[in-house]
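For reference, my_file.cif (mmCIF, N, CA, C and O atoms):
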data_my_file
loop_
_atom_site.label_atom_id
_atom_site.label_comp_id
_atom_site.auth_asym_id
_atom_site.auth_seq_id
_atom_site.Cartn_x
_atom_site.Cartn_y
_atom_site.Cartn_z
N MET A 20 40.74 31.37 -48.56
CA MET A 20 41.01 32.46 -47.66
C MET A 20 41.29 31.90 -46.28
O MET A 20 40.57 31.05 -45.78
N SER A 21 42.33 32.36 -45.65
CA SER A 21 42.65 31.97 -44.27
C SER A 21 42.32 33.12 -43.32
O SER A 21 42.52 34.28 -43.65
N PHE A 22 41.82 32.75 -42.17
CA PHE A 22 41.50 33.72 -41.14
C PHE A 22 42.58 33.67 -40.07
O PHE A 22 43.12 32.60 -39.76
N ARG A 23 42.88 34.83 -39.51
CA ARG A 23 43.83 34.91 -38.39
C ARG A 23 43.03 34.67 -37.12
O ARG A 23 41.96 35.23 -36.92
N LEU A 24 43.56 33.86 -36.24
CA LEU A 24 42.89 33.49 -35.01
C LEU A 24 43.48 34.27 -33.84
O LEU A 24 44.70 34.39 -33.71
N ARG A 25 42.59 34.83 -33.01
CA ARG A 25 43.05 35.49 -31.79
C ARG A 25 42.09 35.13 -30.66
O ARG A 25 40.99 34.66 -30.89
N PHE A 26 42.52 35.36 -29.42
CA PHE A 26 41.76 34.96 -28.23
C PHE A 26 41.60 36.15 -27.29
O PHE A 26 42.56 36.89 -27.09
N THR A 27 40.43 36.30 -26.70
CA THR A 27 40.24 37.30 -25.66
C THR A 27 40.88 36.75 -24.38
O THR A 27 41.13 35.55 -24.24
N GLU A 28 41.12 37.66 -23.44
CA GLU A 28 41.65 37.24 -22.13
C GLU A 28 40.68 36.26 -21.46
O GLU A 28 41.10 35.31 -20.81
N GLU A 29 39.38 36.51 -21.62
CA GLU A 29 38.37 35.63 -21.02
C GLU A 29 38.46 34.22 -21.58
O GLU A 29 38.35 33.24 -20.85
N ALA A 30 38.66 34.10 -22.89
CA ALA A 30 38.78 32.78 -23.51
C ALA A 30 40.02 32.05 -23.01
O ALA A 30 39.98 30.85 -22.74
N LEU A 31 41.12 32.77 -22.87
CA LEU A 31 42.35 32.16 -22.35
C LEU A 31 42.15 31.70 -20.91
O LEU A 31 42.63 30.62 -20.53
N GLU A 32 41.45 32.50 -20.11
CA GLU A 32 41.15 32.10 -18.74
C GLU A 32 40.25 30.86 -18.71
O GLU A 32 40.43 29.98 -17.87
N ASP A 33 39.29 30.80 -19.62
CA ASP A 33 38.43 29.61 -19.72
C ASP A 33 39.27 28.37 -20.01
O ASP A 33 39.07 27.31 -19.39
N LEU A 34 40.19 28.48 -20.96
CA LEU A 34 41.04 27.33 -21.31
C LEU A 34 41.88 26.89 -20.12
O LEU A 34 42.01 25.68 -19.86
N LYS A 35 42.43 27.84 -19.38
CA LYS A 35 43.22 27.50 -18.19
C LYS A 35 42.35 26.79 -17.15
O LYS A 35 42.76 25.79 -16.55
N ARG A 36 41.15 27.32 -16.93
CA ARG A 36 40.23 26.75 -15.95
C ARG A 36 39.84 25.32 -16.33
O ARG A 36 39.88 24.41 -15.50
N LEU A 37 39.52 25.12 -17.59
CA LEU A 37 39.12 23.78 -18.05
C LEU A 37 40.28 22.79 -17.96
O LEU A 37 40.10 21.65 -17.55
N TYR A 38 41.48 23.24 -18.33
CA TYR A 38 42.64 22.36 -18.25
C TYR A 38 42.93 21.98 -16.80
O TYR A 38 43.15 20.81 -16.49
N THR A 39 42.93 22.96 -15.91
CA THR A 39 43.22 22.70 -14.50
C THR A 39 42.21 21.73 -13.91
O THR A 39 42.59 20.78 -13.20
N PHE A 40 40.94 21.92 -14.20
CA PHE A 40 39.90 21.04 -13.67
C PHE A 40 40.12 19.60 -14.13
O PHE A 40 40.07 18.66 -13.34
N THR A 41 40.39 19.43 -15.42
CA THR A 41 40.58 18.08 -15.96
C THR A 41 41.88 17.46 -15.46
O THR A 41 41.93 16.28 -15.10
N ALA A 42 42.94 18.24 -15.40
CA ALA A 42 44.25 17.73 -14.99
C ALA A 42 44.28 17.28 -13.54
O ALA A 42 45.05 16.38 -13.19
N GLU A 43 43.44 17.88 -12.69
CA GLU A 43 43.40 17.47 -11.29
C GLU A 43 42.98 16.02 -11.14
O GLU A 43 43.44 15.32 -10.24
N ASN A 44 42.11 15.55 -12.03
CA ASN A 44 41.61 14.18 -11.96
C ASN A 44 42.33 13.22 -12.90
O ASN A 44 42.47 12.05 -12.58
N ASP A 45 42.75 13.72 -14.06
CA ASP A 45 43.35 12.85 -15.06
C ASP A 45 44.26 13.66 -15.99
O ASP A 45 43.81 14.15 -17.03
N PRO A 46 45.53 13.80 -15.61
CA PRO A 46 46.45 14.63 -16.42
C PRO A 46 46.56 14.18 -17.88
O PRO A 46 46.63 15.02 -18.78
N ALA A 47 46.54 12.88 -18.12
CA ALA A 47 46.65 12.41 -19.51
C ALA A 47 45.43 12.82 -20.32
O ALA A 47 45.54 13.22 -21.49
N SER A 48 44.26 12.75 -19.72
CA SER A 48 43.03 13.18 -20.39
C SER A 48 43.06 14.67 -20.69
O SER A 48 42.61 15.11 -21.76
N ALA A 49 43.60 15.45 -19.77
CA ALA A 49 43.72 16.90 -20.00
C ALA A 49 44.60 17.18 -21.21
O ALA A 49 44.27 18.01 -22.05
N GLU A 50 45.71 16.48 -21.31
CA GLU A 50 46.61 16.65 -22.46
C GLU A 50 45.91 16.27 -23.75
O GLU A 50 46.00 16.96 -24.76
N ASN A 51 45.20 15.14 -23.74
CA ASN A 51 44.48 14.69 -24.94
C ASN A 51 43.37 15.67 -25.33
O ASN A 51 43.17 15.95 -26.51
N ALA A 52 42.64 16.16 -24.34
CA ALA A 52 41.56 17.11 -24.61
C ALA A 52 42.10 18.38 -25.25
O ALA A 52 41.53 18.89 -26.23
N PHE A 53 43.22 18.87 -24.74
CA PHE A 53 43.73 20.13 -25.26
C PHE A 53 44.46 19.95 -26.59
O PHE A 53 44.53 20.89 -27.38
N ALA A 54 44.90 18.75 -26.88
CA ALA A 54 45.41 18.47 -28.23
C ALA A 54 44.25 18.50 -29.22
O ALA A 54 44.38 19.04 -30.33
N ARG A 55 43.11 17.97 -28.82
CA ARG A 55 41.91 17.99 -29.67
C ARG A 55 41.43 19.42 -29.88
O ARG A 55 41.05 19.80 -30.98
N ILE A 56 41.43 20.22 -28.82
CA ILE A 56 41.01 21.62 -28.93
C ILE A 56 41.95 22.38 -29.87
O ILE A 56 41.50 23.13 -30.74
N ALA A 57 43.24 22.18 -29.73
CA ALA A 57 44.22 22.85 -30.59
C ALA A 57 44.00 22.49 -32.05
O ALA A 57 44.09 23.34 -32.94
N LYS A 58 43.69 21.24 -32.32
CA LYS A 58 43.42 20.79 -33.69
C LYS A 58 42.15 21.45 -34.23
O LYS A 58 42.07 21.80 -35.41
N ALA A 59 41.16 21.65 -33.36
CA ALA A 59 39.88 22.24 -33.79
C ALA A 59 40.05 23.68 -34.25
O ALA A 59 39.27 24.16 -35.09
N TRP A 60 41.06 24.39 -33.74
CA TRP A 60 41.25 25.78 -34.16
C TRP A 60 41.49 25.87 -35.66
O TRP A 60 41.21 26.89 -36.28
N GLU A 61 41.99 24.79 -36.28
CA GLU A 61 42.24 24.80 -37.72
C GLU A 61 40.95 25.04 -38.50
O GLU A 61 40.97 25.67 -39.56
N ILE A 62 39.83 24.55 -37.98
CA ILE A 62 38.54 24.76 -38.63
C ILE A 62 38.23 26.26 -38.69
O ILE A 62 37.76 26.77 -39.70
N LEU A 63 38.51 26.95 -37.58
CA LEU A 63 38.23 28.38 -37.54
C LEU A 63 39.12 29.17 -38.48
O LEU A 63 38.71 30.19 -39.02
N GLU A 64 40.34 28.70 -38.69
CA GLU A 64 41.26 29.39 -39.58
C GLU A 64 40.86 29.24 -41.05
O GLU A 64 41.15 30.11 -41.87
N GLU A 65 40.17 28.16 -41.37
CA GLU A 65 39.82 27.89 -42.76
C GLU A 65 38.33 28.03 -43.08
O GLU A 65 37.97 28.53 -44.13
N PHE A 66 37.47 27.55 -42.18
CA PHE A 66 36.03 27.49 -42.48
C PHE A 66 35.16 27.97 -41.32
O PHE A 66 34.28 27.25 -40.87
N PRO A 67 35.34 29.17 -40.83
CA PRO A 67 34.56 29.60 -39.66
C PRO A 67 33.06 29.69 -39.93
O PRO A 67 32.25 29.49 -39.02
N PHE A 68 32.67 29.95 -41.17
CA PHE A 68 31.25 30.05 -41.47
C PHE A 68 30.55 28.70 -41.49
O PHE A 68 29.32 28.64 -41.56
N SER A 69 31.31 27.62 -41.42
CA SER A 69 30.69 26.29 -41.38
C SER A 69 30.20 25.92 -39.98
O SER A 69 29.47 24.95 -39.81
N CYS A 70 30.55 26.70 -38.99
CA CYS A 70 30.14 26.43 -37.60
C CYS A 70 28.74 26.98 -37.36
O CYS A 70 28.28 27.88 -38.05
N ARG A 71 28.09 26.41 -36.35
CA ARG A 71 26.70 26.80 -36.09
C ARG A 71 26.61 28.23 -35.57
O ARG A 71 27.51 28.71 -34.87
N ARG A 72 25.51 28.88 -35.91
CA ARG A 72 25.26 30.23 -35.41
C ARG A 72 24.92 30.17 -33.94
O ARG A 72 24.24 29.26 -33.47
N ALA A 73 25.39 31.16 -33.20
CA ALA A 73 25.05 31.27 -31.78
C ALA A 73 23.59 31.71 -31.67
O ALA A 73 23.01 32.23 -32.63
N GLU A 74 23.01 31.50 -30.51
CA GLU A 74 21.61 31.84 -30.30
C GLU A 74 21.44 33.35 -30.10
O GLU A 74 21.15 33.82 -29.00
N CYS A 75 21.65 34.09 -31.18
CA CYS A 75 21.47 35.53 -31.17
C CYS A 75 21.30 35.98 -32.62
O CYS A 75 21.60 35.21 -33.54
N PRO A 76 20.84 37.18 -32.86
CA PRO A 76 20.61 37.62 -34.24
C PRO A 76 21.87 37.93 -35.04
O PRO A 76 21.80 38.08 -36.25
N ASP A 77 23.01 38.01 -34.41
CA ASP A 77 24.26 38.36 -35.10
C ASP A 77 24.79 37.15 -35.89
O ASP A 77 25.22 36.17 -35.29
N PRO A 78 24.79 37.20 -37.23
CA PRO A 78 25.24 36.06 -38.03
C PRO A 78 26.75 35.80 -37.95
O PRO A 78 27.23 34.77 -38.39
N PHE A 79 27.50 36.75 -37.37
CA PHE A 79 28.94 36.59 -37.27
C PHE A 79 29.38 36.03 -35.92
O PHE A 79 30.56 35.80 -35.70
N LEU A 80 28.43 35.81 -35.03
CA LEU A 80 28.70 35.20 -33.73
C LEU A 80 28.33 33.73 -33.84
O LEU A 80 27.17 33.39 -34.10
N ARG A 81 29.32 32.85 -33.68
CA ARG A 81 29.12 31.43 -33.94
C ARG A 81 29.75 30.58 -32.86
O ARG A 81 30.49 31.06 -32.02
N GLU A 82 29.44 29.27 -32.92
CA GLU A 82 29.96 28.31 -31.95
C GLU A 82 30.62 27.14 -32.67
O GLU A 82 30.08 26.61 -33.63
N LEU A 83 31.77 26.76 -32.17
CA LEU A 83 32.48 25.59 -32.65
C LEU A 83 32.33 24.49 -31.62
O LEU A 83 32.71 24.67 -30.46
N VAL A 84 31.74 23.37 -32.02
CA VAL A 84 31.60 22.22 -31.14
C VAL A 84 32.84 21.36 -31.31
O VAL A 84 33.22 21.01 -32.43
N ILE A 85 33.48 21.03 -30.18
CA ILE A 85 34.72 20.25 -30.19
C ILE A 85 34.46 18.94 -29.44
O ILE A 85 34.46 18.93 -28.20
N PRO A 86 34.19 17.86 -30.15
CA PRO A 86 33.89 16.59 -29.47
C PRO A 86 35.12 16.05 -28.73
O PRO A 86 36.25 16.16 -29.21
N PHE A 87 34.86 15.48 -27.56
CA PHE A 87 35.91 14.81 -26.80
C PHE A 87 35.24 13.88 -25.79
O PHE A 87 34.48 14.33 -24.94
N GLY A 88 35.51 12.60 -25.91
CA GLY A 88 34.90 11.62 -25.02
C GLY A 88 33.39 11.61 -25.19
O GLY A 88 32.89 11.71 -26.30
N SER A 89 32.67 11.51 -24.08
CA SER A 89 31.22 11.46 -24.15
C SER A 89 30.58 12.85 -24.23
O SER A 89 29.36 12.97 -24.33
N ALA A 90 31.37 13.90 -24.19
CA ALA A 90 30.85 15.27 -24.28
C ALA A 90 31.79 16.08 -25.15
O ALA A 90 31.93 15.81 -26.32
N GLY A 91 32.45 17.06 -24.59
CA GLY A 91 33.38 17.88 -25.33
C GLY A 91 33.30 19.32 -24.90
O GLY A 91 32.90 19.62 -23.77
N TYR A 92 33.64 20.21 -25.81
CA TYR A 92 33.74 21.64 -25.50
C TYR A 92 33.01 22.44 -26.57
O TYR A 92 32.75 21.95 -27.68
N VAL A 93 32.69 23.68 -26.24
CA VAL A 93 32.07 24.60 -27.19
C VAL A 93 32.82 25.92 -27.09
O VAL A 93 33.02 26.46 -26.00
N ALA A 94 33.24 26.43 -28.24
CA ALA A 94 33.94 27.72 -28.29
C ALA A 94 33.03 28.74 -28.96
O ALA A 94 32.52 28.51 -30.06
N LEU A 95 32.81 29.86 -28.30
CA LEU A 95 32.06 30.97 -28.86
C LEU A 95 33.06 31.90 -29.54
O LEU A 95 34.07 32.27 -28.95
N PHE A 96 32.77 32.26 -30.79
CA PHE A 96 33.70 33.12 -31.52
C PHE A 96 32.96 34.09 -32.42
O PHE A 96 31.78 33.92 -32.71
N GLU A 97 33.69 35.13 -32.84
CA GLU A 97 33.14 36.15 -33.73
C GLU A 97 34.00 36.23 -34.98
O GLU A 97 35.24 36.26 -34.90
N ILE A 98 33.34 36.26 -36.12
CA ILE A 98 34.04 36.45 -37.39
C ILE A 98 34.06 37.95 -37.66
O ILE A 98 33.00 38.58 -37.74
N GLU A 99 35.24 38.50 -37.80
CA GLU A 99 35.38 39.94 -37.98
C GLU A 99 35.66 40.27 -39.44
O GLU A 99 36.09 39.42 -40.22
N ALA A 100 35.40 41.50 -39.81
CA ALA A 100 35.46 41.93 -41.21
C ALA A 100 36.85 41.77 -41.84
O ALA A 100 36.95 41.51 -43.02
N ASP A 101 37.89 41.92 -41.10
CA ASP A 101 39.23 41.90 -41.68
C ASP A 101 39.90 40.54 -41.57
O ASP A 101 41.06 40.43 -41.22
N GLU A 102 39.13 39.47 -41.88
CA GLU A 102 39.63 38.10 -41.90
C GLU A 102 40.27 37.68 -40.58
O GLU A 102 41.31 37.03 -40.55
N VAL A 103 39.61 38.06 -39.50
CA VAL A 103 40.04 37.69 -38.15
C VAL A 103 38.90 36.95 -37.48
O VAL A 103 37.74 37.34 -37.59
N VAL A 104 39.25 35.89 -36.78
CA VAL A 104 38.29 35.16 -35.95
C VAL A 104 38.76 35.33 -34.51
O VAL A 104 39.91 35.02 -34.18
N THR A 105 37.87 35.84 -33.66
CA THR A 105 38.20 36.06 -32.26
C THR A 105 37.42 35.07 -31.40
O THR A 105 36.18 35.06 -31.42
N VAL A 106 38.15 34.23 -30.67
CA VAL A 106 37.53 33.31 -29.73
C VAL A 106 37.20 34.11 -28.48
O VAL A 106 38.08 34.70 -27.86
N LEU A 107 35.91 34.12 -28.13
CA LEU A 107 35.44 34.94 -27.02
C LEU A 107 35.35 34.17 -25.71
O LEU A 107 35.57 34.74 -24.64
N ALA A 108 35.00 32.88 -25.79
CA ALA A 108 34.81 32.08 -24.59
C ALA A 108 34.84 30.60 -24.97
O ALA A 108 34.57 30.24 -26.11
N VAL A 109 35.17 29.77 -23.99
CA VAL A 109 35.18 28.32 -24.18
C VAL A 109 34.56 27.69 -22.94
O VAL A 109 34.83 28.13 -21.82
N ARG A 110 33.73 26.68 -23.15
CA ARG A 110 33.12 25.98 -22.02
C ARG A 110 33.05 24.50 -22.31
O ARG A 110 33.15 24.07 -23.46
N HIS A 111 32.88 23.71 -21.27
CA HIS A 111 32.61 22.30 -21.42
C HIS A 111 31.14 22.16 -21.79
O HIS A 111 30.31 22.95 -21.35
N GLN A 112 30.79 21.17 -22.60
CA GLN A 112 29.41 21.03 -23.03
C GLN A 112 28.44 20.77 -21.87
O GLN A 112 27.25 21.04 -22.01
N ARG A 113 28.92 20.28 -20.76
CA ARG A 113 28.05 20.02 -19.62
C ARG A 113 27.88 21.23 -18.71
O ARG A 113 27.09 21.18 -17.77
N GLU A 114 28.59 22.30 -18.99
CA GLU A 114 28.40 23.54 -18.23
C GLU A 114 27.13 24.23 -18.74
O GLU A 114 26.75 24.09 -19.90
N ASP A 115 26.52 25.02 -17.86
CA ASP A 115 25.29 25.70 -18.24
C ASP A 115 25.48 26.76 -19.30
O ASP A 115 24.69 26.90 -20.21
N ASP A 116 26.51 27.56 -19.18
CA ASP A 116 26.70 28.65 -20.11
C ASP A 116 28.17 29.08 -20.09
O ASP A 116 28.96 28.54 -19.33
N TYR A 117 28.51 30.05 -20.91
CA TYR A 117 29.88 30.56 -20.91
C TYR A 117 30.11 31.35 -19.64
O TYR A 117 29.20 31.92 -19.06
N HIS A 118 31.37 31.43 -19.20
CA HIS A 118 31.71 32.15 -17.96
C HIS A 118 32.21 33.53 -18.28
O HIS A 118 32.68 33.83 -19.28
#
Please go through the file and, once you have read it, give me the structure as structure tokens.
Amino acid sequence: MSFRLRFTEEALEDLKRLYTFTAENDPASAENAFARIAKAWEILEEFPFSCRRAECPDPFLRELVIPFGSAGYVALFEIEADEVVTVLAVRHQREDDYH
């Protein structure tokens, strides 16, 4: 079964913010990081239930850890009933929480 992937406006803003921050210091690293993030979406399309549960009682709210360098990124997403995965937010692993 394949899931359709969609993004909230907040998640898209997070991606823009993270890219801009990284590109200001190292444009090549920003490109590499976002190539890794784009590849990670494939996991959500095929195996979203393999990702860790978010720290809440909702079993359909999960997190995808995306390794990159010495840290990486974390995407918060929801698995919906009609074979849709919605990315709600994305943050760097060194950030305190989602924005």
Quiz item: If you count all atoms listed in the file, which residues fall within 6 Å of Asp33 in chain A, apart from same-chain ones fewer than 5 positions away, as JSON, numbers by chain?
Solution: {"A": [28, 38, 109]}
Got time to write the residues from that selection, N, CA, C and O atoms, as a compact mmCIF listing (two decimals), in the frame of the given file?
# COMPACT_ATOMS: atom_id res chain seq x y z
N GLU A 28 41.12 37.66 -23.44
CA GLU A 28 41.65 37.24 -22.13
C GLU A 28 40.68 36.26 -21.46
O GLU A 28 41.10 35.31 -20.81
N TYR A 38 41.48 23.24 -18.33
CA TYR A 38 42.64 22.36 -18.25
C TYR A 38 42.93 21.98 -16.80
O TYR A 38 43.15 20.81 -16.49
N VAL A 109 35.17 29.77 -23.99
CA VAL A 109 35.18 28.32 -24.18
C VAL A 109 34.56 27.69 -22.94
O VAL A 109 34.83 28.13 -21.82
Exercise. Can you work out the spacing between CA of Asn51 in chain A and CA of Glu97 in chain A in Å, to one decimal?
Key: 25.8 Å
Practice problem: Skip range 103-105 of chain A itself and residues of its chain fewer than 2 positions away, then list as a ChimeraX atom specification all residues within 12 Å of it, counting only C-alpha atoms. | Solution: /A:20-31,60-68,79-83,94-101,107-109
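The interatomic distance for the pair atom N of Gln112 in chain A and atom C of Tyr92 in chain A works out to 4.7 Å.
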Quiz prompt | Top pick for closest residue to Leu37 in chain A, considering A:Gly88, A:Arg110, A:Asp115, A:Asp77 and counting all atoms listed in the file | solution = A:Arg110
Quiz item: What is the distance, in Å and to one decimal place, between CA of Ile56 in chain A and CA of Pro86 in chain A?
Solution: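 Interatomic distance here is 8.7 Å.
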Taking all heavy atoms as the atom set, what does range 52-63 of chain A look like once completed, written as a PDB file, in the coordinates of the input?
ATOM      1  N   ALA A  52      42.640  16.160 -24.340  1.00  0.00           N
ATOM      2  CA  ALA A  52      41.560  17.110 -24.610  1.00  0.00           C
ATOM      3  C   ALA A  52      42.100  18.380 -25.250  1.00  0.00           C
ATOM      4  O   ALA A  52      41.530  18.890 -26.230  1.00  0.00           O
ATOM      5  CB  ALA A  52      40.816  17.450 -23.319  1.00  0.00           C
ATOM      6  N   PHE A  53      43.220  18.870 -24.740  1.00  0.00           N
ATOM      7  CA  PHE A  53      43.730  20.130 -25.260  1.00  0.00           C
ATOM      8  C   PHE A  53      44.460  19.950 -26.590  1.00  0.00           C
ATOM      9  O   PHE A  53      44.530  20.890 -27.380  1.00  0.00           O
ATOM     10  CB  PHE A  53      44.508  20.875 -24.197  1.00  0.00           C
ATOM     11  CG  PHE A  53      43.523  21.593 -23.316  1.00  0.00           C
ATOM     12  CD1 PHE A  53      42.857  20.915 -22.312  1.00  0.00           C
ATOM     13  CD2 PHE A  53      43.193  22.898 -23.565  1.00  0.00           C
ATOM     14  CE1 PHE A  53      41.892  21.544 -21.542  1.00  0.00           C
ATOM     15  CE2 PHE A  53      42.221  23.540 -22.810  1.00  0.00           C
ATOM     16  CZ  PHE A  53      41.571  22.867 -21.799  1.00  0.00           C
ATOM     17  N   ALA A  54      44.900  18.750 -26.880  1.00  0.00           N
ATOM     18  CA  ALA A  54      45.410  18.470 -28.230  1.00  0.00           C
ATOM     19  C   ALA A  54      44.250  18.500 -29.220  1.00  0.00           C
ATOM     20  O   ALA A  54      44.380  19.040 -30.330  1.00  0.00           O
ATOM     21  CB  ALA A  54      46.113  17.122 -28.261  1.00  0.00           C
ATOM     22  N   ARG A  55      43.110  17.970 -28.820  1.00  0.00           N
ATOM     23  CA  ARG A  55      41.910  17.990 -29.670  1.00  0.00           C
ATOM     24  C   ARG A  55      41.430  19.420 -29.880  1.00  0.00           C
ATOM     25  O   ARG A  55      41.050  19.800 -30.980  1.00  0.00           O
ATOM     26  CB  ARG A  55      40.825  17.143 -29.019  1.00  0.00           C
ATOM     27  CG  ARG A  55      39.493  17.109 -29.745  1.00  0.00           C
ATOM     28  CD  ARG A  55      39.514  16.310 -31.034  1.00  0.00           C
ATOM     29  NE  ARG A  55      39.906  14.936 -30.842  1.00  0.00           N
ATOM     30  CZ  ARG A  55      39.086  13.925 -30.574  1.00  0.00           C
ATOM     31  NH1 ARG A  55      37.803  14.140 -30.462  1.00  0.00           N
ATOM     32  NH2 ARG A  55      39.557  12.708 -30.435  1.00  0.00           N
ATOM     33  N   ILE A  56      41.430  20.220 -28.820  1.00  0.00           N
ATOM     34  CA  ILE A  56      41.010  21.620 -28.930  1.00  0.00           C
ATOM     35  C   ILE A  56      41.950  22.380 -29.870  1.00  0.00           C
ATOM     36  O   ILE A  56      41.500  23.130 -30.740  1.00  0.00           O
ATOM     37  CB  ILE A  56      40.944  22.280 -27.542  1.00  0.00           C
ATOM     38  CG1 ILE A  56      39.772  21.690 -26.742  1.00  0.00           C
ATOM     39  CG2 ILE A  56      40.812  23.799 -27.666  1.00  0.00           C
ATOM     40  CD1 ILE A  56      39.756  22.088 -25.283  1.00  0.00           C
ATOM     41  N   ALA A  57      43.240  22.180 -29.730  1.00  0.00           N
ATOM     42  CA  ALA A  57      44.220  22.850 -30.590  1.00  0.00           C
ATOM     43  C   ALA A  57      44.000  22.490 -32.050  1.00  0.00           C
ATOM     44  O   ALA A  57      44.090  23.340 -32.940  1.00  0.00           O
ATOM     45  CB  ALA A  57      45.636  22.500 -30.150  1.00  0.00           C
ATOM     46  N   LYS A  58      43.690  21.240 -32.320  1.00  0.00           N
ATOM     47  CA  LYS A  58      43.420  20.790 -33.690  1.00  0.00           C
ATOM     48  C   LYS A  58      42.150  21.450 -34.230  1.00  0.00           C
ATOM     49  O   LYS A  58      42.070  21.800 -35.410  1.00  0.00           O
ATOM     50  CB  LYS A  58      43.292  19.267 -33.705  1.00  0.00           C
ATOM     51  CG  LYS A  58      43.061  18.683 -35.048  1.00  0.00           C
ATOM     52  CD  LYS A  58      44.335  18.634 -35.845  1.00  0.00           C
ATOM     53  CE  LYS A  58      44.098  17.869 -37.138  1.00  0.00           C
ATOM     54  NZ  LYS A  58      45.021  18.262 -38.166  1.00  0.00           N
ATOM     55  N   ALA A  59      41.160  21.650 -33.360  1.00  0.00           N
ATOM     56  CA  ALA A  59      39.880  22.240 -33.790  1.00  0.00           C
ATOM     57  C   ALA A  59      40.050  23.680 -34.250  1.00  0.00           C
ATOM     58  O   ALA A  59      39.270  24.160 -35.090  1.00  0.00           O
ATOM     59  CB  ALA A  59      38.871  22.160 -32.655  1.00  0.00           C
ATOM     60  N   TRP A  60      41.060  24.390 -33.740  1.00  0.00           N
ATOM     61  CA  TRP A  60      41.250  25.780 -34.160  1.00  0.00           C
ATOM     62  C   TRP A  60      41.490  25.870 -35.660  1.00  0.00           C
ATOM     63  O   TRP A  60      41.210  26.890 -36.280  1.00  0.00           O
ATOM     64  CB  TRP A  60      42.397  26.440 -33.412  1.00  0.00           C
ATOM     65  CG  TRP A  60      42.257  26.524 -31.934  1.00  0.00           C
ATOM     66  CD1 TRP A  60      43.267  26.340 -31.026  1.00  0.00           C
ATOM     67  CD2 TRP A  60      41.091  26.822 -31.140  1.00  0.00           C
ATOM     68  NE1 TRP A  60      42.790  26.500 -29.745  1.00  0.00           N
ATOM     69  CE2 TRP A  60      41.456  26.795 -29.782  1.00  0.00           C
ATOM     70  CE3 TRP A  60      39.759  27.090 -31.449  1.00  0.00           C
ATOM     71  CZ2 TRP A  60      40.553  27.032 -28.752  1.00  0.00           C
ATOM     72  CZ3 TRP A  60      38.861  27.322 -30.424  1.00  0.00           C
ATOM     73  CH2 TRP A  60      39.256  27.299 -29.100  1.00  0.00           C
ATOM     74  N   GLU A  61      41.990  24.790 -36.280  1.00  0.00           N
ATOM     75  CA  GLU A  61      42.240  24.800 -37.720  1.00  0.00           C
ATOM     76  C   GLU A  61      40.950  25.040 -38.500  1.00  0.00           C
ATOM     77  O   GLU A  61      40.970  25.670 -39.560  1.00  0.00           O
ATOM     78  CB  GLU A  61      42.879  23.485 -38.158  1.00  0.00           C
ATOM     79  CG  GLU A  61      44.275  23.287 -37.621  1.00  0.00           C
ATOM     80  CD  GLU A  61      44.854  21.922 -37.949  1.00  0.00           C
ATOM     81  OE1 GLU A  61      44.246  21.174 -38.753  1.00  0.00           O
ATOM     82  OE2 GLU A  61      45.917  21.591 -37.387  1.00  0.00           O
ATOM     83  N   ILE A  62      39.830  24.550 -37.980  1.00  0.00           N
ATOM     84  CA  ILE A  62      38.540  24.760 -38.630  1.00  0.00           C
ATOM     85  C   ILE A  62      38.230  26.260 -38.690  1.00  0.00           C
ATOM     86  O   ILE A  62      37.760  26.770 -39.700  1.00  0.00           O
ATOM     87  CB  ILE A  62      37.423  24.000 -37.899  1.00  0.00           C
ATOM     88  CG1 ILE A  62      37.645  22.492 -38.033  1.00  0.00           C
ATOM     89  CG2 ILE A  62      36.035  24.403 -38.410  1.00  0.00           C
ATOM     90  CD1 ILE A  62      36.766  21.663 -37.137  1.00  0.00           C
ATOM     91  N   LEU A  63      38.510  26.950 -37.580  1.00  0.00           N
ATOM     92  CA  LEU A  63      38.230  28.380 -37.540  1.00  0.00           C
ATOM     93  C   LEU A  63      39.120  29.170 -38.480  1.00  0.00           C
ATOM     94  O   LEU A  63      38.710  30.190 -39.020  1.00  0.00           O
ATOM     95  CB  LEU A  63      38.393  28.917 -36.111  1.00  0.00           C
ATOM     96  CG  LEU A  63      37.441  28.351 -35.074  1.00  0.00           C
ATOM     97  CD1 LEU A  63      37.651  29.048 -33.744  1.00  0.00           C
ATOM     98  CD2 LEU A  63      36.000  28.448 -35.522  1.00  0.00           C
TER      99      LEU A  63
END
